[in-house]
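Raw target.cif, mmCIF, C-alpha atoms:
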```cif
data_work
#
loop_
_atom_site.label_atom_id
_atom_site.label_comp_id
_atom_site.auth_asym_id
_atom_site.auth_seq_id
_atom_site.Cartn_x
_atom_site.Cartn_y
_atom_site.Cartn_z
CA MET A 1 29.66 173.15 177.38
CA ASP A 2 31.87 172.78 174.37
CA GLY A 3 30.85 170.19 171.81
CA LEU A 4 27.13 170.40 172.64
CA ASN A 5 24.67 171.28 169.88
CA PRO A 6 23.74 175.00 169.97
CA PHE A 7 20.07 174.35 170.85
CA ASP A 8 20.85 172.24 173.92
CA GLN A 9 23.74 174.50 174.90
CA ALA A 10 21.71 177.73 174.81
CA ILE A 11 18.78 176.29 176.77
CA MET A 12 20.91 174.46 179.33
CA ALA A 13 23.03 177.53 180.01
CA GLY A 14 20.00 179.82 180.15
CA VAL A 15 18.08 177.60 182.55
CA GLN A 16 21.07 177.11 184.83
CA GLN A 17 21.87 180.85 184.91
CA ALA A 18 18.39 182.39 185.03
CA CYS A 19 15.98 179.96 186.67
CA HIS A 20 17.59 178.92 189.93
CA ASN A 21 16.52 180.53 193.20
CA LEU A 22 15.41 179.36 196.65
CA VAL A 23 11.84 178.64 195.51
CA THR A 24 12.59 176.83 192.25
CA ASP A 25 15.42 174.85 193.86
CA ALA A 26 12.87 173.56 196.39
CA VAL A 27 9.92 173.06 194.01
CA PHE A 28 11.43 171.35 190.97
CA PRO A 29 12.88 168.35 192.84
CA VAL A 30 9.33 167.70 194.11
CA ILE A 31 7.87 168.08 190.62
CA THR A 32 10.44 165.73 189.13
CA TYR A 33 9.57 163.06 191.70
CA LEU A 34 5.99 163.09 190.41
CA GLY A 35 7.40 161.56 187.23
CA GLU A 36 9.70 159.08 189.00
CA LYS A 37 9.24 155.70 187.27
CA GLY A 38 5.85 157.00 186.15
CA LEU A 39 4.49 156.21 189.63
CA PHE A 40 2.18 159.25 189.86
CA TRP A 41 0.69 158.43 186.46
CA ILE A 42 0.47 154.72 187.22
CA ALA A 43 -1.30 155.46 190.51
CA LEU A 44 -3.69 157.80 188.71
CA ALA A 45 -4.38 155.20 186.00
CA LEU A 46 -4.99 152.47 188.57
CA GLY A 47 -7.27 154.80 190.50
CA LEU A 48 -9.27 155.35 187.33
CA VAL A 49 -9.42 151.62 186.65
CA ILE A 50 -10.63 150.89 190.19
CA PHE A 51 -12.89 153.88 190.85
CA GLY A 52 -13.65 155.37 187.42
CA LYS A 53 -16.54 153.23 186.21
CA LYS A 54 -19.31 155.66 187.11
CA ARG A 55 -17.93 158.50 185.00
CA GLY A 56 -16.60 156.37 182.14
CA TRP A 57 -12.92 156.71 183.08
CA ARG A 58 -12.08 153.06 183.81
CA GLN A 59 -11.08 152.15 180.26
CA TRP A 60 -9.05 155.33 179.90
CA GLY A 61 -6.96 154.23 182.88
CA VAL A 62 -6.21 151.03 180.99
CA LEU A 63 -5.17 153.06 177.93
CA MET A 64 -2.92 155.24 180.10
CA LEU A 65 -1.16 152.10 181.34
CA ALA A 66 -0.83 150.85 177.75
CA ALA A 67 0.68 154.16 176.61
CA MET A 68 3.21 154.13 179.44
CA ALA A 69 4.09 150.47 178.79
CA ALA A 70 4.73 151.28 175.11
CA GLY A 71 6.93 154.23 176.13
CA LEU A 72 8.88 151.98 178.50
CA LEU A 73 9.49 149.39 175.80
CA VAL A 74 10.42 151.82 173.04
CA GLY A 75 12.17 154.53 175.05
CA GLU A 76 13.73 152.95 178.12
CA LEU A 77 14.51 149.49 176.80
CA GLY A 78 15.04 150.39 173.14
CA MET A 79 16.18 153.91 172.36
CA LYS A 80 18.21 154.54 175.53
CA ASN A 81 20.27 151.42 174.92
CA LEU A 82 20.79 152.23 171.25
CA VAL A 83 21.75 155.90 171.70
CA CYS A 84 23.67 155.51 175.01
CA ARG A 85 23.81 159.27 175.60
CA PRO A 86 25.42 160.27 178.92
CA ARG A 87 23.54 162.66 181.18
CA PRO A 88 24.54 166.35 181.36
CA PHE A 89 25.98 166.07 184.87
CA GLN A 90 28.22 163.27 183.57
CA ASP A 91 29.34 165.19 180.47
CA TYR A 92 29.84 168.48 182.32
CA PRO A 93 30.73 167.70 185.93
CA GLY A 94 30.74 170.75 188.16
CA PHE A 95 28.74 172.92 185.74
CA ALA A 96 25.64 172.75 187.92
CA GLN A 97 24.94 171.56 191.44
CA LEU A 98 22.72 168.48 191.50
CA LEU A 99 19.68 168.97 193.71
CA ILE A 100 18.62 165.31 193.54
CA PRO A 101 20.60 162.07 193.75
CA PRO A 102 22.25 161.36 190.40
CA PRO A 103 19.99 159.10 188.33
CA SER A 104 21.40 156.02 186.67
CA GLY A 105 21.06 154.98 183.08
CA PHE A 106 21.31 156.91 179.87
CA SER A 107 19.79 160.27 179.03
CA PHE A 108 18.02 160.00 175.65
CA PRO A 109 15.00 160.06 175.67
CA SER A 110 13.65 161.27 179.01
CA GLY A 111 11.60 158.49 180.58
CA HIS A 112 9.94 160.85 183.08
CA THR A 113 8.76 163.00 180.19
CA CYS A 114 7.69 160.07 178.02
CA ALA A 115 5.52 158.49 180.72
CA SER A 116 4.04 161.86 181.65
CA PHE A 117 3.11 162.85 178.10
CA GLY A 118 1.85 159.35 177.26
CA ALA A 119 -0.58 159.37 180.18
CA ALA A 120 -1.51 163.05 179.72
CA THR A 121 -2.27 162.53 176.01
CA VAL A 122 -4.74 159.77 176.84
CA ILE A 123 -6.39 161.99 179.47
CA PHE A 124 -6.57 164.85 176.96
CA TRP A 125 -8.28 162.56 174.42
CA LYS A 126 -10.97 161.74 177.00
CA ASP A 127 -11.45 165.21 178.52
CA ARG A 128 -9.82 168.41 177.26
CA ARG A 129 -10.17 170.24 180.58
CA TRP A 130 -8.48 167.56 182.71
CA GLY A 131 -6.13 166.77 179.84
CA GLY A 132 -4.94 170.36 179.65
CA GLY A 133 -3.96 170.21 183.31
CA ALA A 134 -2.30 166.83 182.81
CA LEU A 135 -0.31 168.15 179.83
CA GLY A 136 0.72 171.18 181.89
CA LEU A 137 2.00 168.89 184.65
CA ALA A 138 3.79 166.74 182.06
CA ALA A 139 5.50 169.86 180.69
CA LEU A 140 6.59 170.89 184.20
CA ILE A 141 7.99 167.42 184.83
CA GLY A 142 9.89 167.59 181.53
CA PHE A 143 11.25 171.06 182.34
CA SER A 144 12.31 169.86 185.78
CA ARG A 145 14.64 167.32 184.15
CA VAL A 146 16.52 170.08 182.34
CA PHE A 147 16.40 172.37 185.38
CA LEU A 148 17.93 169.63 187.55
CA PHE A 149 20.69 169.03 184.97
CA VAL A 150 19.85 165.35 184.47
CA HIS A 151 18.57 165.63 180.87
CA TYR A 152 19.30 167.72 177.81
CA PRO A 153 16.42 169.66 176.22
CA THR A 154 16.51 167.33 173.21
CA ASP A 155 16.08 164.35 175.58
CA VAL A 156 12.94 166.01 176.97
CA LEU A 157 11.57 166.92 173.53
CA ALA A 158 12.15 163.36 172.30
CA GLY A 159 10.49 161.98 175.45
CA ALA A 160 7.49 164.28 174.97
CA LEU A 161 7.11 163.31 171.31
CA LEU A 162 7.46 159.61 172.08
CA GLY A 163 4.94 159.94 174.92
CA VAL A 164 2.39 161.71 172.73
CA LEU A 165 2.82 159.07 170.02
CA CYS A 166 2.41 156.26 172.58
CA GLY A 167 -0.69 157.96 173.98
CA LEU A 168 -2.23 158.35 170.53
CA GLY A 169 -1.21 154.79 169.69
CA ALA A 170 -2.93 153.46 172.82
CA VAL A 171 -6.14 155.31 171.94
CA ALA A 172 -5.97 154.04 168.32
CA LEU A 173 -5.35 150.49 169.57
CA GLY A 174 -8.33 150.80 171.90
CA LYS A 175 -10.49 151.92 168.97
CA ARG A 176 -9.31 149.02 166.83
CA LEU A 177 -9.63 146.31 169.48
CA PHE A 178 -13.03 147.47 170.56
CA ALA A 179 -14.34 148.80 167.25
CA GLY A 180 -17.82 147.35 167.69
CA SER A 181 -18.24 148.66 171.20
CA TRP A 182 -15.82 151.60 171.24
CA ARG A 183 -18.33 154.16 172.48
CA ALA A 184 -19.64 151.90 175.22
CA TRP A 185 -16.18 150.65 176.18
CA LEU A 186 -14.71 154.12 176.49
CA GLY A 187 -17.60 155.73 178.25
CA GLY A 188 -19.33 157.47 175.37
CA LYS A 189 -16.42 159.16 173.56
#
```

If you convert what's in this file into structure tokens, what do you get?
Amino acid sequence: MDGLNPFDQAIMAGVQQACHNLVTDAVFPVITYLGEKGLFWIALALGLVIFGKKRGWRQWGVLMLAAMAAGLLVGELGMKNLVCRPRPFQDYPGFAQLLIPPPSGFSFPSGHTCASFGAATVIFWKDRRWGGGALGLAALIGFSRVFLFVHYPTDVLAGALLGVLCGLGAVALGKRLFAGSWRAWLGGK
């Protein structure tokens, strides 16, 4: 992996050499599909919008969708097309066996990671217990992208940071738009 920054190079090589076995090769493709197009998080958010009124979760589902939409606009439509970074399997063909079909598009930042951390940040703001689990799943989805050799570690870190910022931005926007009724609108938080 000549020409790669030392941080990405060390992590990519370490993950590819030390983390692959029969179990992880079966599990991480499944985990990565949880982040595919944000569908798991979108389904969760819509479930909260539809069924979350009783426990005060409905509005938080809306904020999750807003965070993911912001990440899509900034990350997928903006940053990816400005940076135009090829994916690791494109830069280093044959270095690692792909365990999933090769994704299209550019690598930086990781959209799977951005959507996951955007949604998980909103959940964490509402409920630390559920949010901790959501952030753990988001981290696993991000790691799976490096494990599967479809993103560099810096792509995942940038996606996580962008996702957290979009999540916090969605919560702040919710506070501003509904300043007079924030507590009632967001179920008492």

Would you mind listing, for every residue of range 50-101 of chain A within 9 Å of range 152-159 of chain A, the two atoms forming the shortest contact and the distance between them in Å to one decimal, using all atoms listed in the file, sorted by chain and ascending residue number, as a tab-separated table?
```
residue	atom	partner	partner_atom	distance
A:Gly71	CA	A:Gly159	CA	8.6
A:Gly75	CA	A:Gly159	CA	7.6
A:Arg87	CA	A:Tyr152	CA	7.4
A:Pro88	CA	A:Tyr152	CA	6.5
```

**Study point:** Counting only C-alpha atoms, the residue of A:Val150, A:Leu165, A:Gly136, A:Gln17 that sits nearest Val122 in chain A
**Key:**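 Once distances to Val122 in chain A are computed over only C-alpha atoms, the minimum belongs to A:Leu165.
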
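Comparing the minimum interatomic distances between Met68 in chain A and each of A:Pro102, A:Pro29, A:Gly167, A:Gly94, counting only C-alpha atoms, we find that A:Gly167 sits nearest.
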
Review point. When distances are computed from all atoms listed in the file, which of A:Val146, A:Ala160, A:Cys19, A:Ala172 shows the smallest separation from Pro109 in chain A?
Key: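 Smallest distance to Pro109 in chain A is found for A:Ala160.
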
Practice item. Would you write out, as an MDAnalysis selection string, every residue that the PyMOL selection byres ((chain A and resi 112-115) around 7) captures in this file? Key: chainID A and resid 35:38 68 71 110:111 116:119 138 141:142 156 159:160 162:163

Review point. Interatomic distance between CA of Leu63 in chain A and CA of Gly174 in chain A?
Key: 7.2 Å

Enclose all atoms of range 97-103 of chain A listed in the file in an axis-aligned box, grow every side by 8 Å, and hand back centre and edge lengths in Å to one decimal, as JSON.
```
{"center_x": 21.8, "center_y": 165.3, "center_z": 191.0, "size_x": 22.3, "size_y": 28.5, "size_z": 21.4}
```

Exercise for review: Would you mind reading off the distance between CA of Trp125 in chain A and CA of Leu48 in chain A, one decimal, in Å?
Suggested key: 14.8 Å

Review point. So what do you get for CA of Gly61 in chain A versus CA of Gly47 in chain A, distance-wise?
Key: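 Here the two named atoms are 7.6 Å from each other.
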
Review point. From the set A:Ala69, A:Tyr33, A:Leu82, A:Trp57, which residue has the shortest atom-to-atom contact distance to Pro101 in chain A, counting all atoms listed in the file?
Key: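 Once distances to Pro101 in chain A are computed over all atoms listed in the file, the minimum belongs to A:Tyr33.
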
Check your understanding: Of the candidates A:Ala67, A:Lys54, A:Phe108, A:Val30, which one gets nearest to Cys84 in chain A if we count all atoms listed in the file?
Key ->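 With all atoms listed in the file as the atom set, the closest residue is A:Phe108.
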
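Ranking A:Gly52, A:Trp130, A:Asp25, A:Lys80 by their shortest atom-to-atom distance to Gln97 in chain A, with all atoms listed in the file included, puts A:Asp25 first.
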
Review point. Counting all atoms listed in the file, which residues come within 8 Å of (-1.5, 153.8, 186.7), with the point read in the file's coordinates, and could you list them as a ChimeraX atom specification?
Key: /A:39-48,61-62,64-65

Exercise for review: Pull the neighbourhood of (17.3, 154.0, 186.0) for me: all residues within 9 Å in file coordinates, counting all atoms listed in the file, as an NGL selection string.
Suggested key: :A and (37 or 76 or 103-106)

Check your understanding: Counting all atoms listed in the file, what is within 10 Å of His20 in chain A, bar same-chain residues fewer than 5 positions away, as a list in words?
Key -> Val15, Asp25, Ala26, Phe28, Phe147 and Leu148 of chain A

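Residues in contact range of Tyr92 in chain A, defined as at most 12 Å between only C-alpha atoms, with sequence neighbours fewer than 4 positions away removed, read Met1, Asp2, Gly3, Leu4, Gln9, Met12, Ala13, Pro86, Arg87, Pro88, Ala96, Gln97, Leu98, Phe149, Val150, His151 and Tyr152 of chain A.
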
Those same residues, written as a CSV table (one decimal), in the frame of the given file with C-alpha atoms?
```
chain,number,residue,atom,x,y,z
A,1,MET,CA,29.7,173.2,177.4
A,2,ASP,CA,31.9,172.8,174.4
A,3,GLY,CA,30.8,170.2,171.8
A,4,LEU,CA,27.1,170.4,172.6
A,9,GLN,CA,23.7,174.5,174.9
A,12,MET,CA,20.9,174.5,179.3
A,13,ALA,CA,23.0,177.5,180.0
A,86,PRO,CA,25.4,160.3,178.9
A,87,ARG,CA,23.5,162.7,181.2
A,88,PRO,CA,24.5,166.4,181.4
A,96,ALA,CA,25.6,172.8,187.9
A,97,GLN,CA,24.9,171.6,191.4
A,98,LEU,CA,22.7,168.5,191.5
A,149,PHE,CA,20.7,169.0,185.0
A,150,VAL,CA,19.8,165.4,184.5
A,151,HIS,CA,18.6,165.6,180.9
A,152,TYR,CA,19.3,167.7,177.8
```

Practice item. May I have the residues within 8 Å of Gly131 in chain A as a list in words, using all atoms listed in the file and disregarding those fewer than 4 positions away in the same chain? Key: Ala120, Thr121, Val122, Ile123, Phe124, Trp125, Lys126, Asp127 and Leu135 of chain A

Selection to disk with C-alpha atoms, as a short mmCIF file (atom, residue, chain, number, x, y, z; two decimals), in the frame of the given file:
```cif
data_model
loop_
_atom_site.label_atom_id
_atom_site.label_comp_id
_atom_site.auth_asym_id
_atom_site.auth_seq_id
_atom_site.Cartn_x
_atom_site.Cartn_y
_atom_site.Cartn_z
CA ALA A 120 -1.51 163.05 179.72
CA THR A 121 -2.27 162.53 176.01
CA VAL A 122 -4.74 159.77 176.84
CA ILE A 123 -6.39 161.99 179.47
CA PHE A 124 -6.57 164.85 176.96
CA TRP A 125 -8.28 162.56 174.42
CA LYS A 126 -10.97 161.74 177.00
CA ASP A 127 -11.45 165.21 178.52
CA LEU A 135 -0.31 168.15 179.83
#
```
